[in-house]
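Chemist: Dropping in coords-v1.pdb, which is PDB, C-alpha atoms:
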MODEL        1
ATOM      1  CA  MET A   1       3.794 -18.986  -6.800
ATOM      2  CA  LYS A   2       5.260 -22.470  -7.369
ATOM      3  CA  PHE A   3       4.987 -21.990 -11.145
ATOM      4  CA  ALA A   4       6.849 -18.687 -10.905
ATOM      5  CA  ILE A   5       9.659 -20.336  -8.939
ATOM      6  CA  LYS A   6      10.007 -23.037 -11.624
ATOM      7  CA  LEU A   7      10.449 -20.356 -14.283
ATOM      8  CA  LEU A   8      12.775 -18.210 -12.188
ATOM      9  CA  PHE A   9      15.358 -20.894 -11.433
ATOM     10  CA  PRO A  10      16.299 -21.888 -15.019
ATOM     11  CA  ALA A  11      16.263 -18.261 -16.219
ATOM     12  CA  LEU A  12      18.674 -17.102 -13.532
ATOM     13  CA  PHE A  13      20.828 -20.217 -13.914
ATOM     14  CA  ILE A  14      21.339 -19.395 -17.612
ATOM     15  CA  PHE A  15      22.119 -15.782 -16.700
ATOM     16  CA  PHE A  16      24.650 -16.795 -14.043
ATOM     17  CA  CYS A  17      26.457 -19.173 -16.402
ATOM     18  CA  SER A  18      26.645 -16.682 -19.272
ATOM     19  CA  ALA A  19      27.835 -13.923 -16.941
ATOM     20  CA  ALA A  20      30.552 -16.154 -15.539
ATOM     21  CA  GLN A  21      31.841 -16.996 -19.036
ATOM     22  CA  THR A  22      31.891 -13.301 -19.959
ATOM     23  CA  SER A  23      33.852 -12.340 -16.844
ATOM     24  CA  VAL A  24      36.530 -14.966 -17.519
ATOM     25  CA  ALA A  25      36.894 -13.935 -21.141
ATOM     26  CA  GLN A  26      37.324 -10.217 -20.391
ATOM     27  CA  THR A  27      39.862 -10.454 -17.556
ATOM     28  CA  THR A  28      43.611 -10.662 -18.095
ATOM     29  CA  ASN A  29      44.857 -10.998 -14.509
ATOM     30  CA  PRO A  30      44.877 -14.749 -13.693
ATOM     31  CA  GLU A  31      44.375 -14.049  -9.962
ATOM     32  CA  TYR A  32      41.290 -12.023 -10.736
ATOM     33  CA  LYS A  33      39.541 -13.862 -13.549
ATOM     34  CA  ARG A  34      37.312 -16.431 -11.880
ATOM     35  CA  ALA A  35      33.639 -15.928 -11.166
ATOM     36  CA  THR A  36      32.481 -17.032  -7.728
ATOM     37  CA  PHE A  37      29.311 -18.993  -6.956
ATOM     38  CA  THR A  38      27.862 -18.747  -3.452
ATOM     39  CA  LEU A  39      25.383 -20.374  -1.078
ATOM     40  CA  TRP A  40      24.449 -18.325   1.961
ATOM     41  CA  ALA A  41      21.947 -18.125   4.792
ATOM     42  CA  GLY A  42      21.130 -15.550   7.441
ATOM     43  CA  TYR A  43      19.045 -15.075  10.551
ATOM     44  CA  SER A  44      17.789 -11.841  12.083
ATOM     45  CA  PHE A  45      16.855 -12.064  15.761
ATOM     46  CA  ASN A  46      14.954  -8.774  15.655
ATOM     47  CA  SER A  47      13.941  -5.937  13.353
ATOM     48  CA  VAL A  48      14.393  -2.274  14.156
ATOM     49  CA  ARG A  49      12.392   0.872  13.502
ATOM     50  CA  PHE A  50      14.673   2.724  11.122
ATOM     51  CA  LEU A  51      13.569   3.012   7.482
ATOM     52  CA  GLY A  52      10.758   0.534   8.137
ATOM     53  CA  LYS A  53       8.080   0.780  10.807
ATOM     54  CA  THR A  54       7.628  -2.933  11.632
ATOM     55  CA  GLU A  55       9.488  -3.980  14.782
ATOM     56  CA  ASN A  56      10.079  -7.278  16.606
ATOM     57  CA  SER A  57      10.335  -9.495  13.530
ATOM     58  CA  GLN A  58      12.457 -12.644  13.332
ATOM     59  CA  THR A  59      13.619 -13.309   9.781
ATOM     60  CA  GLN A  60      15.308 -16.174   7.945
ATOM     61  CA  ILE A  61      16.784 -15.960   4.452
ATOM     62  CA  PHE A  62      18.538 -18.314   2.020
ATOM     63  CA  GLY A  63      20.385 -17.202  -1.113
ATOM     64  CA  ILE A  64      22.235 -18.513  -4.173
ATOM     65  CA  GLY A  65      24.607 -16.022  -5.745
ATOM     66  CA  LEU A  66      27.139 -15.093  -8.383
ATOM     67  CA  GLN A  67      30.050 -12.672  -8.113
ATOM     68  CA  ARG A  68      32.241 -11.668 -11.027
ATOM     69  CA  PRO A  69      35.082  -9.154 -11.234
ATOM     70  CA  LEU A  70      34.519  -5.744 -12.811
ATOM     71  CA  LYS A  71      37.563  -3.597 -12.071
ATOM     72  CA  GLU A  72      40.771  -3.664 -10.056
ATOM     73  CA  TYR A  73      42.117  -0.756  -8.019
ATOM     74  CA  PRO A  74      45.709  -0.706  -6.750
ATOM     75  CA  PRO A  75      46.886  -1.840  -4.370
ATOM     76  CA  LYS A  76      44.899  -5.111  -4.614
ATOM     77  CA  LYS A  77      41.366  -3.756  -4.260
ATOM     78  CA  ALA A  78      38.567  -4.824  -6.586
ATOM     79  CA  ILE A  79      34.945  -4.076  -7.441
ATOM     80  CA  TRP A  80      32.811  -7.145  -8.128
ATOM     81  CA  TYR A  81      29.356  -7.386  -9.676
ATOM     82  CA  THR A  82      26.964  -9.395  -7.476
ATOM     83  CA  ALA A  83      23.597 -11.061  -8.153
ATOM     84  CA  ASP A  84      21.510 -13.254  -5.862
ATOM     85  CA  LEU A  85      18.562 -15.578  -6.234
ATOM     86  CA  ILE A  86      16.490 -15.726  -3.030
ATOM     87  CA  PRO A  87      14.541 -19.020  -3.060
ATOM     88  CA  TYR A  88      13.286 -18.474   0.485
ATOM     89  CA  ILE A  89      12.717 -15.632   2.925
ATOM     90  CA  HIS A  90      10.481 -15.931   5.977
ATOM     91  CA  PHE A  91       9.203 -13.339   8.430
ATOM     92  CA  ASN A  92       7.585 -13.912  11.816
ATOM     93  CA  TYR A  93       6.307 -10.489  12.836
ATOM     94  CA  PRO A  94       3.523  -8.590  14.687
ATOM     95  CA  LYS A  95       0.829  -7.627  12.184
ATOM     96  CA  ARG A  96      -0.271  -4.164  13.203
ATOM     97  CA  ASP A  97      -3.726  -4.303  11.560
ATOM     98  CA  GLU A  98      -4.527  -7.408  13.663
ATOM     99  CA  ASN A  99      -3.592  -5.913  17.051
ATOM    100  CA  ASN A 100       0.049  -7.011  16.628
ATOM    101  CA  ARG A 101      -0.847 -10.685  16.376
ATOM    102  CA  MET A 102       2.296 -12.664  15.477
ATOM    103  CA  THR A 103       2.035 -13.654  11.819
ATOM    104  CA  SER A 104       4.228 -15.652   9.444
ATOM    105  CA  ARG A 105       4.823 -14.795   5.792
ATOM    106  CA  SER A 106       7.195 -16.360   3.260
ATOM    107  CA  GLY A 107       8.365 -15.328  -0.167
ATOM    108  CA  PHE A 108      11.017 -15.585  -2.869
ATOM    109  CA  GLY A 109      12.805 -13.174  -5.153
ATOM    110  CA  PHE A 110      16.079 -12.010  -6.604
ATOM    111  CA  SER A 111      18.611  -9.194  -6.348
ATOM    112  CA  PRO A 112      19.953  -8.639  -9.866
ATOM    113  CA  VAL A 113      22.067  -5.550  -9.128
ATOM    114  CA  GLY A 114      24.831  -5.478  -6.548
ATOM    115  CA  PHE A 115      28.429  -4.424  -6.037
ATOM    116  CA  THR A 116      31.137  -5.620  -3.668
ATOM    117  CA  LEU A 117      34.355  -3.820  -2.746
ATOM    118  CA  MET A 118      36.880  -6.340  -1.466
ATOM    119  CA  ASP A 119      40.542  -6.926  -0.835
ATOM    120  CA  ASN A 120      41.852  -8.783  -3.890
ATOM    121  CA  SER A 121      44.990 -10.078  -2.182
ATOM    122  CA  GLN A 122      45.713 -13.715  -1.390
ATOM    123  CA  LYS A 123      45.506 -13.196   2.363
ATOM    124  CA  ARG A 124      43.663 -15.875   4.307
ATOM    125  CA  LEU A 125      41.207 -13.401   5.922
ATOM    126  CA  THR A 126      39.999 -10.387   3.896
ATOM    127  CA  PRO A 127      37.216  -7.841   4.646
ATOM    128  CA  TYR A 128      34.605  -6.576   2.190
ATOM    129  CA  ILE A 129      31.612  -4.248   1.927
ATOM    130  CA  ARG A 130      28.663  -4.940  -0.357
ATOM    131  CA  THR A 131      25.275  -3.572  -1.386
ATOM    132  CA  THR A 132      22.503  -5.123  -3.511
ATOM    133  CA  GLY A 133      18.989  -4.249  -4.631
ATOM    134  CA  GLY A 134      16.116  -6.389  -5.816
ATOM    135  CA  MET A 135      12.549  -7.546  -5.262
ATOM    136  CA  ILE A 136      10.655 -10.095  -3.188
ATOM    137  CA  PHE A 137       7.311 -11.746  -4.036
ATOM    138  CA  MET A 138       5.430 -12.578  -0.835
ATOM    139  CA  GLU A 139       2.689 -15.214  -0.568
ATOM    140  CA  ARG A 140       0.232 -12.538   0.684
ATOM    141  CA  ASN A 141       0.190  -8.790   1.129
ATOM    142  CA  PHE A 142       3.054  -7.910   3.447
ATOM    143  CA  PRO A 143       3.363  -6.730   6.162
ATOM    144  CA  THR A 144      -0.241  -5.446   6.315
ATOM    145  CA  ASP A 145      -3.383  -6.139   4.299
ATOM    146  CA  GLY A 146      -3.122  -2.674   2.756
ATOM    147  CA  ALA A 147       0.432  -3.323   1.527
ATOM    148  CA  ARG A 148       1.431  -5.486  -1.488
ATOM    149  CA  LYS A 149       2.753  -8.928  -2.381
ATOM    150  CA  LEU A 150       5.481  -7.361  -4.529
ATOM    151  CA  ASN A 151       8.140  -5.649  -2.411
ATOM    152  CA  PHE A 152      11.513  -4.099  -3.112
ATOM    153  CA  THR A 153      14.713  -4.610  -1.146
ATOM    154  CA  PHE A 154      18.167  -3.238  -0.635
ATOM    155  CA  ASP A 155      20.895  -4.275   1.780
ATOM    156  CA  ILE A 156      24.295  -3.214   3.056
ATOM    157  CA  THR A 157      26.723  -5.933   4.132
ATOM    158  CA  LEU A 158      29.929  -5.818   6.162
ATOM    159  CA  GLY A 159      31.727  -9.141   6.013
ATOM    160  CA  ALA A 160      34.975 -11.063   5.863
ATOM    161  CA  ASN A 161      36.188 -13.890   3.623
ATOM    162  CA  LEU A 162      38.100 -16.792   5.149
ATOM    163  CA  ARG A 163      39.886 -18.634   2.335
ATOM    164  CA  PHE A 164      40.625 -22.367   2.559
ATOM    165  CA  ASN A 165      42.424 -22.698  -0.771
ATOM    166  CA  THR A 166      42.376 -21.157  -4.270
ATOM    167  CA  PHE A 167      38.886 -22.522  -4.974
ATOM    168  CA  ALA A 168      36.828 -22.339  -1.760
ATOM    169  CA  MET A 169      36.139 -19.976   1.128
ATOM    170  CA  ILE A 170      33.549 -19.140   3.750
ATOM    171  CA  SER A 171      32.282 -15.672   4.623
ATOM    172  CA  PHE A 172      30.548 -14.270   7.669
ATOM    173  CA  GLY A 173      29.318 -10.907   8.884
ATOM    174  CA  TYR A 174      26.388  -8.527   9.294
ATOM    175  CA  LYS A 175      23.730  -7.531   6.744
ATOM    176  CA  PHE A 176      21.245  -4.656   7.106
ATOM    177  CA  HIS A 177      18.235  -5.586   4.947
ATOM    178  CA  HIS A 178      15.286  -3.315   4.117
ATOM    179  CA  ILE A 179      12.040  -4.452   2.465
ATOM    180  CA  SER A 180       9.058  -2.289   1.493
ATOM    181  CA  ASN A 181       6.700  -1.680  -1.413
ATOM    182  CA  ALA A 182       8.206   1.766  -2.161
ATOM    183  CA  GLU A 183       4.873   3.534  -1.677
ATOM    184  CA  THR A 184       3.162   1.465  -4.401
ATOM    185  CA  GLY A 185       0.579   0.062  -1.937
ATOM    186  CA  ASN A 186      -2.086   1.742   0.157
ATOM    187  CA  GLU A 187       0.190   1.179   3.155
ATOM    188  CA  ASN A 188       3.961   0.879   3.330
ATOM    189  CA  PRO A 189       5.139  -0.012   6.853
ATOM    190  CA  GLY A 190       8.390  -1.627   5.649
ATOM    191  CA  LEU A 191      10.685  -3.832   7.720
ATOM    192  CA  ASP A 192      14.403  -3.623   8.554
ATOM    193  CA  SER A 193      16.217  -6.866   9.433
ATOM    194  CA  ASN A 194      19.656  -7.241  11.017
ATOM    195  CA  PHE A 195      21.061 -10.470   9.645
ATOM    196  CA  LEU A 196      24.001 -12.475  10.873
ATOM    197  CA  PHE A 197      24.983 -14.608   7.893
ATOM    198  CA  LEU A 198      27.272 -17.413   6.781
ATOM    199  CA  LYS A 199      28.256 -17.943   3.152
ATOM    200  CA  PHE A 200      30.114 -20.686   1.286
ATOM    201  CA  SER A 201      31.825 -19.777  -2.007
ATOM    202  CA  ILE A 202      33.532 -21.717  -4.786
ATOM    203  CA  GLN A 203      35.442 -20.427  -7.805
TER     204      GLN A 203
ENDMDL
END
Would you kindly transcribe this structure into structure tokens?
Modeler:
Amino acid sequence: MKFAIKLLFPALFIFFCSAAQTSVAQTTNPEYKRATFTLWAGYSFNSVRFLGKTENSQTQIFGIGLQRPLKEYPPKKAIWYTADLIPYIHFNYPKRDENNRMTSRSGFGFSPVGFTLMDNSQKRLTPYIRTTGGMIFMERNFPTDGARKLNFTFDITLGANLRFNTFAMISFGYKFHHISNAETGNENPGLDSNFLFLKFSIQ
């Protein structure tokens, strides 16, 4: 697992840098040309039984991300491409094949495909909606022994950007996050987290 993390970081760093250069080169609007790099963290106080079947989980997540502009829509709306590296995600949850004994599992992963619809104006506070998809590698089969280490994720985020200046801003909001093995394991309980998150961005 540690070896995989060492390989993942430089590969995604190269990808992020090349993507950022491409986005700047292809954009003509000076207010819309800069890629954005992000650091964010979230905490879910509880999981719900919705798409997943695992309840009462507390979850922590940390992410490093890139956003770059794809297309503008008048008046002042924009679609952005989004990618995230997830160096750390941790679940504390009741393991159902051990009589709901509270169990901890950690993992890492990435979300290479995502899109954000946001207000592209220069207002101080602007809302956005976002969705991403990716995969998580857990340290052991998760969330049951009959599941898998490799899991797939998608999320839907409702947030707001609070801009300090032309280069930096913070974001906050709610993220619905689903993780499961997509029926590739013998069991697929899945888990749905409700994150409150805080994100710091620089351009």
Chemist: Which one is closest to Ser171 in chain A: A:Gly42, A:Gly159, A:Gly114, A:Gly133? Count all atoms listed in the file.
Modeler: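 Of A:Gly42, A:Gly159, A:Gly114, A:Gly133, the one nearest Ser171 in chain A is A:Gly159, counting all atoms listed in the file.
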Chemist: Run the PyMOL selection byres ((chain A and resi 108) around 8) on the file and write out the hits as a list of chain:residue names.
Modeler: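 With the PyMOL selection byres ((chain A and resi 108) around 8) on this model, the match is A:Ile5, A:Ile86, A:Pro87, A:Tyr88, A:Ile89, A:Ser106, A:Gly107, A:Gly109, A:Phe110, A:Ile136, A:Phe137, A:Met138.
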Chemist: Exactly which residues make up the result of the PyMOL selection byres ((chain A and resi 57) around 7) on this file, given as a PyMOL selection string?
Modeler: chain A and resi 46-47+55-56+58-59+91-94
Chemist: As a check of understanding, name the residues that the PyMOL selection byres ((chain A and resi 158) around 6) selects in the supplied structure, as a ChimeraX atom specification.
Modeler: /A:129,157,159,173-174
Chemist: Could you check how far CA of Ile156 in chain A sits from CA of Pro189 in chain A, in Å to one decimal?
Modeler: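 Spanning CA of Ile156 in chain A to CA of Pro189 in chain A is a straight-line distance of 19.8 Å.
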Chemist: Determine, counting only C-alpha atoms, which protein, DNA and RNA residues have an atom within 12 Å of an atom of range 74-78 of chain A; residues of the same chain fewer than 3 positions away are not included. Present the result as a ChimeraX atom specification.
Modeler: /A:29,31-33,67-71,81,115-123,126-130
Chemist: Taking the point (-0.7, -11.2, 9.9) as given in the file, collect each protein or nucleic acid residue that comes within 10 Å of it, counting all atoms listed in the file, and present the set as a ChimeraX atom specification.
Modeler: /A:92-105,140-145
Chemist: Output the selection as a compact mmCIF listing (two decimals), in the coordinates of the input - C-alpha atoms for each residue.
Modeler:
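Saved result, selection.txt, follows:
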# COMPACT_ATOMS: atom_id res chain seq x y z
CA ASN A 92 7.58 -13.91 11.82
CA TYR A 93 6.31 -10.49 12.84
CA PRO A 94 3.52 -8.59 14.69
CA LYS A 95 0.83 -7.63 12.18
CA ARG A 96 -0.27 -4.16 13.20
CA ASP A 97 -3.73 -4.30 11.56
CA GLU A 98 -4.53 -7.41 13.66
CA ASN A 99 -3.59 -5.91 17.05
CA ASN A 100 0.05 -7.01 16.63
CA ARG A 101 -0.85 -10.68 16.38
CA MET A 102 2.30 -12.66 15.48
CA THR A 103 2.04 -13.65 11.82
CA SER A 104 4.23 -15.65 9.44
CA ARG A 105 4.82 -14.80 5.79
CA ARG A 140 0.23 -12.54 0.68
CA ASN A 141 0.19 -8.79 1.13
CA PHE A 142 3.05 -7.91 3.45
CA PRO A 143 3.36 -6.73 6.16
CA THR A 144 -0.24 -5.45 6.32
CA ASP A 145 -3.38 -6.14 4.30
Chemist: Using only C-alpha atoms, which residue out of A:Leu85, A:Ala41, A:Ala168, A:Val48 lies closest to Leu191 in chain A?
Modeler: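 Checking each of A:Leu85, A:Ala41, A:Ala168, A:Val48 against Leu191 in chain A, counting only C-alpha atoms, the winner is A:Val48.
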